[in-house]
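A.B. asks: Sending over a structure as structure tokens; questions will come in a sec.
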Amino acid sequence: MRRVSLILCAVAALAVPAAAAARVSVSGAAKAPLVHAALGVQAPRQCAAVYISSVDKFWAAVFFKPARGWDSRCKAIKHKGWTALHHAHGAWHINQSGQSAACVAVHVPVKIRKDLQIPCYPLLP
């Protein structure tokens with residue numbers, strides 16, 4: 001019985017760091033400023049999935065991903081990939097954008113890029 005308890009504690013200890021280092025989804029009206037910074041003022045927030053980094057709250061990623069039923073309303077948006085945003089001087093600013101896994105993300109720190117699951121790989125780590 002004691003051995004089972006020890007194993008359960010070890011498994012729980014391993015699971016906690018993984019859960020603590022996961023991007024945080026942004027929804028509702030809170031995601032509008034990030035969507036507008038990444039995709040333009042005219043872009044409805046329903047055209048994107050938005051995440052804040054759990055590693056550093058001053059970093060975010062906006063992924064073009066229309067909500068169910070919004071495909072036709074999101075067609076006008078030219079950017080069809082991802083955008084890394086950095087919050088500085090009281091506003092969100094585009095740090096880098098990309099459209100494929102073949103891009104090179106050199107402007108986004110490695111920990112942030114992994115946390116936000118930005119699908120790009122640096123030339124150097």
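Residue numbering restarts at 1 in every chain; chains get A, B, ... in the order shown in the structure tokens, and ligands count up from 1 in that same order.
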Contacts of Lys57 (chain A) at 10 Å or less, counting only C-alpha atoms, minus same-chain residues fewer than 3 places along, as a PyMOL selection string?
C.D. replies: chain A and resi 23-24+51-54+60+86-87+112
A.B. asks: Residues at most 6 Å from region 33-49 of chain A, counting only C-alpha atoms, excluding those fewer than 6 positions away in the same chain, as a PDB file with C-alpha atoms, in the first residue's frame?
C.D. replies:
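Below you can see around.pdb, which holds the result:
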```
ATOM      1  CA  VAL A  62      -2.944  34.474 -32.716  1.00  0.00           C
ATOM      2  CA  PHE A  63      -3.753  31.608 -35.081  1.00  0.00           C
ATOM      3  CA  PHE A  64      -6.113  32.153 -38.013  1.00  0.00           C
ATOM      4  CA  LYS A  65      -8.781  29.564 -37.255  1.00  0.00           C
ATOM      5  CA  PRO A  66     -12.374  30.604 -37.923  1.00  0.00           C
ATOM      6  CA  ALA A  67     -14.976  29.390 -35.447  1.00  0.00           C
ATOM      7  CA  CYS A  74     -13.407  35.408 -42.362  1.00  0.00           C
TER       8      CYS A  74
END
```
A.B. asks: Using only C-alpha atoms, find the one residue out of A:Gly98, A:Trp92, A:Val50, A:Asp56 that sits nearest to Asp115 (chain A).
C.D. replies: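 Among A:Gly98, A:Trp92, A:Val50, A:Asp56, it is A:Asp56 that comes nearest to Asp115 (chain A).
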A.B. asks: Would you compute the distance between CA of Lys114 (chain A) and CA of Ala91 (chain A)? Give it in Å to one decimal.
C.D. replies: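 Those two atoms sit 22.9 Å apart.
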A.B. asks: Determine which residues of region 76-115 of chain A receive a DSSP assignment of strand (DSSP E), computed from the backbone, and state them as JSON, numbers by chain.
C.D. replies: {"A": [82, 83, 84, 85, 86, 87, 88, 91, 92, 93, 94, 95, 96, 97, 98]}
A.B. asks: Using only C-alpha atoms for the distances, tell me which of A:Ala61, A:Ser27, A:His79, A:Arg73 is nearest to Pro119 (chain A).
C.D. replies: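 Smallest distance to Pro119 (chain A) is found for A:Ala61.
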A.B. asks: Give me, as a ChimeraX atom specification, all polymer residues having an atom no more than 8 Å from Val108 (chain A), counting only C-alpha atoms and skipping those fewer than 4 positions away in the same chain.
C.D. replies: /A:84,95-96,112-113
A.B. asks: Measuring between only C-alpha atoms, which one of A:Ser97, A:Arg68, A:Gln117, A:Val26 shows the shortest distance to Gly81 (chain A)?
C.D. replies: A:Ser97
A.B. asks: Go ahead and compute the interatomic distance for CA of Gly69 (chain A) and CA of Ile118 (chain A), in Å to one decimal.
C.D. replies: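 The value is 24.9 Å.
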